[in-house]
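*Asks:* Input file: structure-v2.cif. Contents: mmCIF, C-alpha atoms.
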data_work
#
loop_
_atom_site.group_PDB
_atom_site.id
_atom_site.type_symbol
_atom_site.label_atom_id
_atom_site.label_comp_id
_atom_site.auth_asym_id
_atom_site.auth_seq_id
_atom_site.Cartn_x
_atom_site.Cartn_y
_atom_site.Cartn_z
ATOM 1 C CA MET A 1413 -10.676 80.329 18.699
ATOM 2 C CA PRO A 1414 -9.792 82.200 21.914
ATOM 3 C CA LEU A 1415 -6.257 83.520 22.200
ATOM 4 C CA ILE A 1416 -5.616 81.819 25.530
ATOM 5 C CA GLN A 1417 -7.153 78.451 26.319
ATOM 6 C CA ARG A 1418 -7.251 76.946 29.768
ATOM 7 C CA ARG A 1419 -8.395 73.402 30.435
ATOM 8 C CA ILE A 1420 -8.157 70.861 33.190
ATOM 9 C CA VAL A 1421 -6.997 67.394 32.236
ATOM 10 C CA GLN A 1422 -7.059 64.210 34.278
ATOM 11 C CA GLY A 1423 -4.708 61.273 34.019
ATOM 12 C CA LYS A 1424 -5.104 57.555 34.469
ATOM 13 C CA PRO A 1425 -6.110 56.597 38.016
ATOM 14 C CA ILE A 1426 -3.451 54.856 40.098
ATOM 15 C CA ARG A 1427 -4.766 52.008 42.236
ATOM 16 C CA VAL A 1428 -3.231 51.467 45.652
ATOM 17 C CA GLY A 1429 -5.136 48.940 47.717
ATOM 18 C CA GLN A 1430 -8.769 49.984 47.884
ATOM 19 C CA ARG A 1431 -7.976 53.554 46.954
ATOM 20 C CA GLU A 1432 -7.718 55.206 43.574
ATOM 21 C CA VAL A 1433 -5.659 58.333 43.015
ATOM 22 C CA MET A 1434 -6.284 60.418 39.925
ATOM 23 C CA PRO A 1435 -3.814 63.159 38.931
ATOM 24 C CA GLU A 1436 -5.214 66.454 37.669
ATOM 25 C CA ALA A 1437 -3.352 69.171 35.795
ATOM 26 C CA GLN A 1438 -4.093 72.562 34.298
ATOM 27 C CA VAL A 1439 -3.053 73.231 30.715
ATOM 28 C CA THR A 1440 -2.792 76.852 29.627
ATOM 29 C CA SER A 1441 -2.049 77.391 25.968
ATOM 30 C CA TRP A 1442 -1.682 80.334 23.681
ATOM 31 C CA LEU A 1443 -1.595 80.086 19.913
ATOM 32 C CA GLN A 1444 -1.305 82.651 17.154
ATOM 33 C CA ARG A 1445 -1.379 81.713 13.471
ATOM 34 C CA ARG A 1446 -1.634 83.549 10.208
ATOM 35 C CA ALA A 1447 -1.680 82.613 6.544
ATOM 36 C CA THR A 1448 -1.376 84.826 3.505
ATOM 37 C CA ILE A 1449 -2.300 83.745 0.004
ATOM 38 C CA GLY A 1450 -1.275 86.139 -2.739
ATOM 39 C CA MET A 1451 -1.274 85.951 -6.512
ATOM 40 C CA HIS A 1452 2.294 84.656 -6.725
ATOM 41 C CA HIS A 1453 3.161 83.604 -3.252
ATOM 42 C CA SER A 1454 1.700 82.151 -0.115
ATOM 43 C CA SER A 1455 3.051 82.022 3.390
ATOM 44 C CA GLY A 1456 1.999 81.052 6.857
ATOM 45 C CA TRP A 1457 3.315 81.099 10.342
ATOM 46 C CA GLY A 1458 2.276 80.162 13.815
ATOM 47 C CA VAL A 1459 3.633 80.540 17.316
ATOM 48 C CA GLY A 1460 2.418 79.082 20.540
ATOM 49 C CA ARG A 1461 3.158 78.466 24.174
ATOM 50 C CA VAL A 1462 1.838 75.725 26.406
ATOM 51 C CA SER A 1463 2.310 75.442 30.155
ATOM 52 C CA ILE A 1464 1.213 72.458 32.186
ATOM 53 C CA ARG A 1465 0.913 72.701 35.951
ATOM 54 C CA PRO A 1466 -0.105 69.909 38.318
ATOM 55 C CA LEU A 1467 -3.261 70.988 40.127
ATOM 56 C CA ALA A 1468 -4.329 68.277 42.492
ATOM 57 C CA LEU A 1469 -4.775 64.610 43.235
ATOM 58 C CA VAL A 1470 -8.294 63.281 43.481
ATOM 59 C CA GLU A 1471 -8.380 60.381 45.906
ATOM 60 C CA ARG A 1472 -11.337 58.020 45.876
ATOM 61 C CA GLY A 1473 -11.677 55.308 48.451
ATOM 62 C CA PRO A 1474 -13.946 53.708 51.029
ATOM 63 C CA MET A 1475 -13.777 56.945 53.062
ATOM 64 C CA GLY A 1476 -15.124 58.997 50.162
ATOM 65 C CA THR A 1477 -13.572 61.408 47.685
ATOM 66 C CA ARG A 1478 -10.854 63.830 48.716
ATOM 67 C CA ARG A 1479 -9.025 66.478 46.720
ATOM 68 C CA ILE A 1480 -5.380 67.047 47.627
ATOM 69 C CA PRO A 1481 -4.118 70.328 46.126
ATOM 70 C CA ILE A 1482 -0.540 70.595 44.837
ATOM 71 C CA ARG A 1483 1.003 73.965 45.642
ATOM 72 C CA ASP A 1484 4.088 75.451 44.038
ATOM 73 C CA GLU A 1485 5.968 76.539 47.170
ATOM 74 C CA THR A 1486 8.672 78.355 45.180
ATOM 75 C CA MET A 1487 6.085 80.510 43.426
ATOM 76 C CA ARG A 1488 4.371 81.238 46.742
ATOM 77 C CA MET A 1489 7.665 82.385 48.251
ATOM 78 C CA LEU A 1490 8.453 84.524 45.209
ATOM 79 C CA ALA A 1491 4.979 86.061 45.391
ATOM 80 C CA GLY A 1492 5.606 86.843 49.074
ATOM 81 C CA LEU A 1493 8.901 88.538 48.225
ATOM 82 C CA ALA A 1494 7.205 90.526 45.456
ATOM 83 C CA ALA A 1495 4.543 91.651 47.932
ATOM 84 C CA GLY A 1496 7.363 92.618 50.320
ATOM 85 C CA ALA A 1497 8.980 94.713 47.579
ATOM 86 C CA VAL A 1498 5.732 96.606 46.983
ATOM 87 C CA PHE A 1499 5.326 97.097 50.747
ATOM 88 C CA VAL A 1500 8.861 98.549 51.098
ATOM 89 C CA TRP A 1501 8.195 101.007 48.266
ATOM 90 C CA PHE A 1502 4.828 101.952 49.807
ATOM 91 C CA LEU A 1503 6.375 102.493 53.258
ATOM 92 C CA ALA A 1504 9.145 104.653 51.801
ATOM 93 C CA GLU A 1505 6.613 106.808 49.925
ATOM 94 C CA VAL A 1506 4.411 107.173 53.029
ATOM 95 C CA ALA A 1507 7.445 108.154 55.145
ATOM 96 C CA VAL A 1508 8.473 110.802 52.599
ATOM 97 C CA ARG A 1509 4.916 112.202 52.378
ATOM 98 C CA LEU A 1510 4.584 112.371 56.170
ATOM 99 C CA ALA A 1511 7.987 114.010 56.639
ATOM 100 C CA THR A 1512 7.350 116.525 53.820
ATOM 101 C CA ASN A 1513 3.911 117.502 55.182
ATOM 102 C CA ARG A 1514 5.314 117.970 58.686
ATOM 103 C CA GLY A 1515 8.023 120.255 57.269
ATOM 104 C CA GLY A 1516 5.409 122.272 55.358
ATOM 105 C CA ARG A 1517 3.350 122.998 58.491
ATOM 106 C CA LYS A 1518 6.337 124.539 60.218
ATOM 107 C CA MET B 402 -2.446 80.831 -11.020
ATOM 108 C CA THR B 403 -3.986 77.657 -12.364
ATOM 109 C CA PRO B 404 -6.921 76.040 -10.601
ATOM 110 C CA GLU B 405 -4.772 72.949 -9.933
ATOM 111 C CA GLU B 406 -2.249 74.934 -7.927
ATOM 112 C CA LYS B 407 -4.687 76.360 -5.392
ATOM 113 C CA PRO B 408 -5.300 73.112 -3.440
ATOM 114 C CA VAL B 409 -1.532 72.620 -3.053
ATOM 115 C CA ARG B 410 -1.226 75.992 -1.334
ATOM 116 C CA LYS B 411 -4.192 75.235 0.878
ATOM 117 C CA ASP B 412 -2.687 71.861 1.772
ATOM 118 C CA HIS B 413 0.485 73.524 3.046
ATOM 119 C CA ILE B 414 -1.495 75.960 5.164
ATOM 120 C CA ASP B 415 -3.778 73.199 6.438
ATOM 121 C CA GLU B 416 -0.764 71.106 7.370
ATOM 122 C CA LEU B 417 0.838 74.019 9.197
ATOM 123 C CA PHE B 418 -2.345 74.716 11.149
ATOM 124 C CA THR B 419 -2.844 71.009 11.906
ATOM 125 C CA ARG B 420 0.711 70.736 13.234
ATOM 126 C CA LEU B 421 0.173 73.816 15.425
ATOM 127 C CA ASP B 422 -3.084 72.383 16.784
ATOM 128 C CA GLU B 423 -1.361 69.051 17.473
ATOM 129 C CA LEU B 424 1.416 70.828 19.385
ATOM 130 C CA GLN B 425 -1.169 72.730 21.400
ATOM 131 C CA LYS B 426 -3.282 69.638 22.149
ATOM 132 C CA SER B 427 -0.380 67.287 22.841
ATOM 133 C CA ALA B 428 -0.117 68.604 26.403
ATOM 134 C CA ASN B 429 -1.375 66.014 28.874
ATOM 135 C CA VAL B 430 -1.069 64.953 32.484
ATOM 136 C CA ASN B 431 1.848 62.611 31.762
ATOM 137 C CA ALA B 432 4.078 65.628 31.115
ATOM 138 C CA VAL B 433 3.847 66.752 34.751
ATOM 139 C CA PHE B 434 3.225 63.504 36.639
ATOM 140 C CA GLY B 435 6.025 60.987 36.215
ATOM 141 C CA GLN B 436 5.819 57.222 36.171
ATOM 142 C CA PRO B 437 4.873 55.751 39.569
ATOM 143 C CA VAL B 438 7.801 54.085 41.311
ATOM 144 C CA GLN B 439 7.190 51.334 43.850
ATOM 145 C CA VAL B 440 9.429 51.651 46.942
ATOM 146 C CA GLY B 441 8.452 48.942 49.412
ATOM 147 C CA GLU B 442 4.829 49.618 50.305
ATOM 148 C CA LYS B 443 5.016 53.182 49.032
ATOM 149 C CA THR B 444 4.243 54.413 45.541
ATOM 150 C CA VAL B 445 6.165 57.541 44.645
ATOM 151 C CA ILE B 446 5.243 59.826 41.741
ATOM 152 C CA PRO B 447 7.545 62.717 40.803
ATOM 153 C CA ILE B 448 5.771 65.950 39.842
ATOM 154 C CA ALA B 449 7.001 68.921 37.830
ATOM 155 C CA SER B 450 5.660 71.931 36.002
ATOM 156 C CA VAL B 451 6.384 72.029 32.289
ATOM 157 C CA ALA B 452 6.205 74.816 29.720
ATOM 158 C CA TYR B 453 7.111 74.827 26.072
ATOM 159 C CA GLY B 454 6.997 77.236 23.203
ATOM 160 C CA PHE B 455 7.126 76.674 19.468
ATOM 161 C CA GLY B 456 7.075 78.470 16.160
ATOM 162 C CA LEU B 457 6.549 77.242 12.605
ATOM 163 C CA GLY B 458 6.508 79.021 9.308
ATOM 164 C CA PHE B 459 6.638 78.460 5.568
ATOM 165 C CA GLY B 460 6.606 80.422 2.365
ATOM 166 C CA GLU B 461 6.348 79.561 -1.300
ATOM 167 C CA GLN B 462 6.804 81.397 -4.539
ATOM 168 C CA GLU B 463 4.601 80.285 -7.390
ATOM 169 C CA GLU B 464 6.296 81.702 -10.483
ATOM 170 C CA GLN B 465 8.365 78.551 -10.929
ATOM 171 C CA PRO B 466 6.560 75.705 -9.239
ATOM 172 C CA SER B 467 9.487 73.631 -8.042
ATOM 173 C CA GLU B 468 10.795 72.358 -4.695
ATOM 174 C CA ALA B 469 13.358 75.157 -4.512
ATOM 175 C CA ASN B 470 10.593 77.735 -4.252
ATOM 176 C CA VAL B 471 9.139 76.300 -1.091
ATOM 177 C CA GLY B 472 10.778 76.864 2.257
ATOM 178 C CA GLY B 473 9.868 76.437 5.861
ATOM 179 C CA GLY B 474 11.237 76.118 9.327
ATOM 180 C CA GLY B 475 10.440 75.890 12.941
ATOM 181 C CA GLY B 476 11.815 75.930 16.420
ATOM 182 C CA ALA B 477 10.826 74.983 19.912
ATOM 183 C CA GLY B 478 12.011 75.227 23.474
ATOM 184 C CA ALA B 479 10.889 73.640 26.700
ATOM 185 C CA ILE B 480 11.472 74.087 30.414
ATOM 186 C CA ALA B 481 10.619 71.712 33.246
ATOM 187 C CA LYS B 482 10.806 72.563 36.947
ATOM 188 C CA PRO B 483 10.549 69.917 39.656
ATOM 189 C CA LEU B 484 7.753 70.625 42.131
ATOM 190 C CA GLY B 485 8.011 67.666 44.456
ATOM 191 C CA LEU B 486 6.670 64.172 44.772
ATOM 192 C CA VAL B 487 3.520 62.347 45.676
ATOM 193 C CA GLU B 488 3.810 59.596 48.235
ATOM 194 C CA ILE B 489 0.996 57.058 48.277
ATOM 195 C CA THR B 490 1.021 54.561 51.120
ATOM 196 C CA PRO B 491 -1.675 52.011 51.971
ATOM 197 C CA GLU B 492 -2.828 54.424 54.713
ATOM 198 C CA SER B 493 -2.552 57.875 53.149
ATOM 199 C CA THR B 494 -1.636 60.061 50.198
ATOM 200 C CA ARG B 495 0.543 63.114 50.691
ATOM 201 C CA VAL B 496 2.354 65.647 48.565
ATOM 202 C CA GLU B 497 5.935 66.646 49.406
ATOM 203 C CA THR B 498 6.826 69.879 47.641
ATOM 204 C CA VAL B 499 10.347 71.139 47.014
ATOM 205 C CA VAL B 500 11.528 74.737 47.051
ATOM 206 C CA ASP B 501 13.930 76.068 44.427
ATOM 207 C CA GLU B 502 16.267 77.628 46.994
ATOM 208 C CA GLN B 503 18.572 79.268 44.460
ATOM 209 C CA ARG B 504 15.673 81.161 42.892
ATOM 210 C CA VAL B 505 14.345 82.252 46.279
ATOM 211 C CA ILE B 506 17.823 83.395 47.428
ATOM 212 C CA ARG B 507 18.337 85.373 44.204
ATOM 213 C CA ALA B 508 14.905 86.993 44.638
ATOM 214 C CA GLY B 509 15.738 87.728 48.299
ATOM 215 C CA MET B 510 18.976 89.452 47.303
ATOM 216 C CA LEU B 511 17.057 91.473 44.742
ATOM 217 C CA LEU B 512 14.537 92.446 47.420
ATOM 218 C CA GLY B 513 17.420 93.498 49.696
ATOM 219 C CA ALA B 514 18.880 95.752 47.003
ATOM 220 C CA TRP B 515 15.406 97.136 46.241
ATOM 221 C CA SER B 516 14.800 97.896 49.923
ATOM 222 C CA ILE B 517 18.177 99.633 50.322
ATOM 223 C CA PHE B 518 17.454 101.733 47.234
ATOM 224 C CA TRP B 519 14.031 102.880 48.434
ATOM 225 C CA ILE B 520 15.151 103.509 52.019
ATOM 226 C CA ALA B 521 18.128 105.564 50.798
ATOM 227 C CA ASN B 522 15.888 107.391 48.339
ATOM 228 C CA ALA B 523 13.399 108.202 51.090
ATOM 229 C CA LEU B 524 16.130 109.408 53.469
ATOM 230 C CA ILE B 525 17.649 111.659 50.811
ATOM 231 C CA ARG B 526 14.247 113.146 50.028
ATOM 232 C CA ILE B 527 13.401 113.621 53.720
ATOM 233 C CA LEU B 528 16.691 115.179 54.686
ATOM 234 C CA GLY B 529 16.663 117.410 51.607
ATOM 235 C CA ARG B 530 20.157 116.456 50.576
ATOM 236 C CA SER B 531 19.128 116.012 46.962
ATOM 237 C CA ARG B 532 18.620 119.814 46.671
ATOM 238 C CA ASN B 533 21.382 121.113 48.891
ATOM 239 C CA CYS B 534 24.195 118.738 48.100
ATOM 240 C CA ALA B 535 27.452 120.111 46.705
ATOM 241 C CA CYS B 536 27.085 118.612 43.262
ATOM 242 C CA CYS B 537 23.619 120.127 42.722
ATOM 243 C CA ALA B 538 24.719 123.495 44.067
ATOM 244 C CA LYS B 539 27.528 123.589 41.512
ATOM 245 C CA ARG B 540 25.154 122.740 38.708
ATOM 246 C CA ASN B 541 22.521 125.313 39.796
ATOM 247 C CA PRO B 542 24.381 128.178 41.422
#
Represent the structure from my file as structure tokens, please.
*Replies:*
Amino acid sequence: MPLIQRRIVQGKPIRVGQREVMPEAQVTSWLQRRATIGMHHSSGWGVGRVSIRPLALVERGPMGTRRIPIRDETMRMLAGLAAGAVFVWFLAEVAVRLATNRGGRK
Amino acid sequence: MTPEEKPVRKDHIDELFTRLDELQKSANVNAVFGQPVQVGEKTVIPIASVAYGFGLGFGEQEEQPSEANVGGGGGAGAIAKPLGLVEITPESTRVETVVDEQRVIRAGMLLGAWSIFWIANALIRILGRSRNCACCAKRNP
């Protein structure tokens, strides 16, 4: 069994008029388990983590099938800030390198 | 160890593994998409992201086969974060997402502190104060 499993699950379609909307989610799970059988004792343990994230809505209707993605805006903003943090560090390092090299040429 | 005792041990381990598999497979769409709510002509579905963790364990001593020699325990924790809502009208379907402002503000403050640190660090290194400052001169005369 793989350590991390990722699967896409779909829910019951919701009917609104002539359209049908089907929710879709991504399930990521991680499971570790061990068992020990000795002469006088036996033991077992297991730990796991499951995260479920809504992925999209699949809309089916007279106009055809359309996939509406669901984006986590908070995570996108946090990713942007993290990228900004890396950029600030990079700029600072570049500035120091440039200033140090210029000093060395003198 | 008698031959009769072996299946009992295996049963406990099988049960533990079955429970773990059940916990892993119990995740479904209903955990993140709420029940549809009818508001006039609109159908509104709340959406969230959900994560949970769990741990189970047991141990048994076989010298005295009694209930007192078998022990086990477990624990679990879960977190759910609202992501927004789905609005289905007779004309269209759209997703309204929400932003966790507190988290973004905290991360922004952290980024501010990080930026100040690296800018100050760069200035000190450029201006050479780290070598020639009074405190360092005292330490390395």
*Asks:* Do me a favour and pick out the residues of chain A within 7 Å of chain B, using all atoms listed in the file, as a PyMOL selection string.
*Replies:* chain A and resi 1421-1423+1428-1429+1436-1437+1439+1441+1447+1451-1466+1482+1484-1486+1489-1490+1493+1497+1500-1501+1504+1508+1511-1512
*Asks:* Using all atoms listed in the file, collect all residues at a distance of at most 9 Å from (-5.9, 59.2, 40.8) as written in the file, then present them as a PyMOL selection string.
*Replies:* chain A and resi 1422-1427+1431-1436+1469-1472
*Asks:* Between atom CA of Arg1445 of chain A and atom CA of Leu1467 of chain A, what is the spacing in Å?
*Replies:*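 These atoms are spaced 28.8 Å apart.
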*Asks:* I need the output of the PyMOL selection byres ((chain A and resi 1480) around 6) for this file as a PyMOL selection string; which residues are they?
*Replies:* chain A and resi 1468-1469+1479+1481
